[in-house]
Amino acid sequence: MAKKNLASLMNGIMGTENSPQEENKSEIGHKNNSFEESQPASKGRGRPKTQKSWKVKLATFVTDVDQMKKIKYISLVDDKMQKDILHEALESYIESWEASHGKINLP
């Protein structure tokens, strides 16, 4: 309820308040469920599932803005989470490094 009130308040401040006609159209579409029914069932909703086969560690790092924009673009196109894209990139780099320097044995 509070989120809805906050959203309407912000819309009023930003000048993006829906006109009564637009609200009626959205209510009619919602009542008929035309939007939900027209969505393909195979696409899925929400965030893509993360691979659970690897342990995760929260890490903070600094990187180039353009690199992060490209990672975000790739994640949207491939329908993957950014952390999965970064995981794949790091795995590829580590495999390449170990191929030329030898296997890293962790304690």
# chains A, B, ... in the order shown; residues from 1 in each chain; ligands from 1
call {"tool": "residues_around", "arguments": {"residues": "segment 58-72 of chain A", "least_positions_apart": "2", "cutoff": "10 Å", "atoms": "only C-alpha atoms", "output": "ChimeraX atom specification"}}
result
/A:56,74-78,80-83,85-86
call {"tool": "atom_distance", "arguments": {"atom1": "atom CA of Ile94 of chain A", "atom2": "atom CA of Lys57 of chain A"}}
result
16.6 Å
call {"tool": "atom_distance", "arguments": {"atom1": "atom CA of Tyr73 of chain A", "atom2": "atom CA of Trp97 of chain A"}}
result
26.3 Å
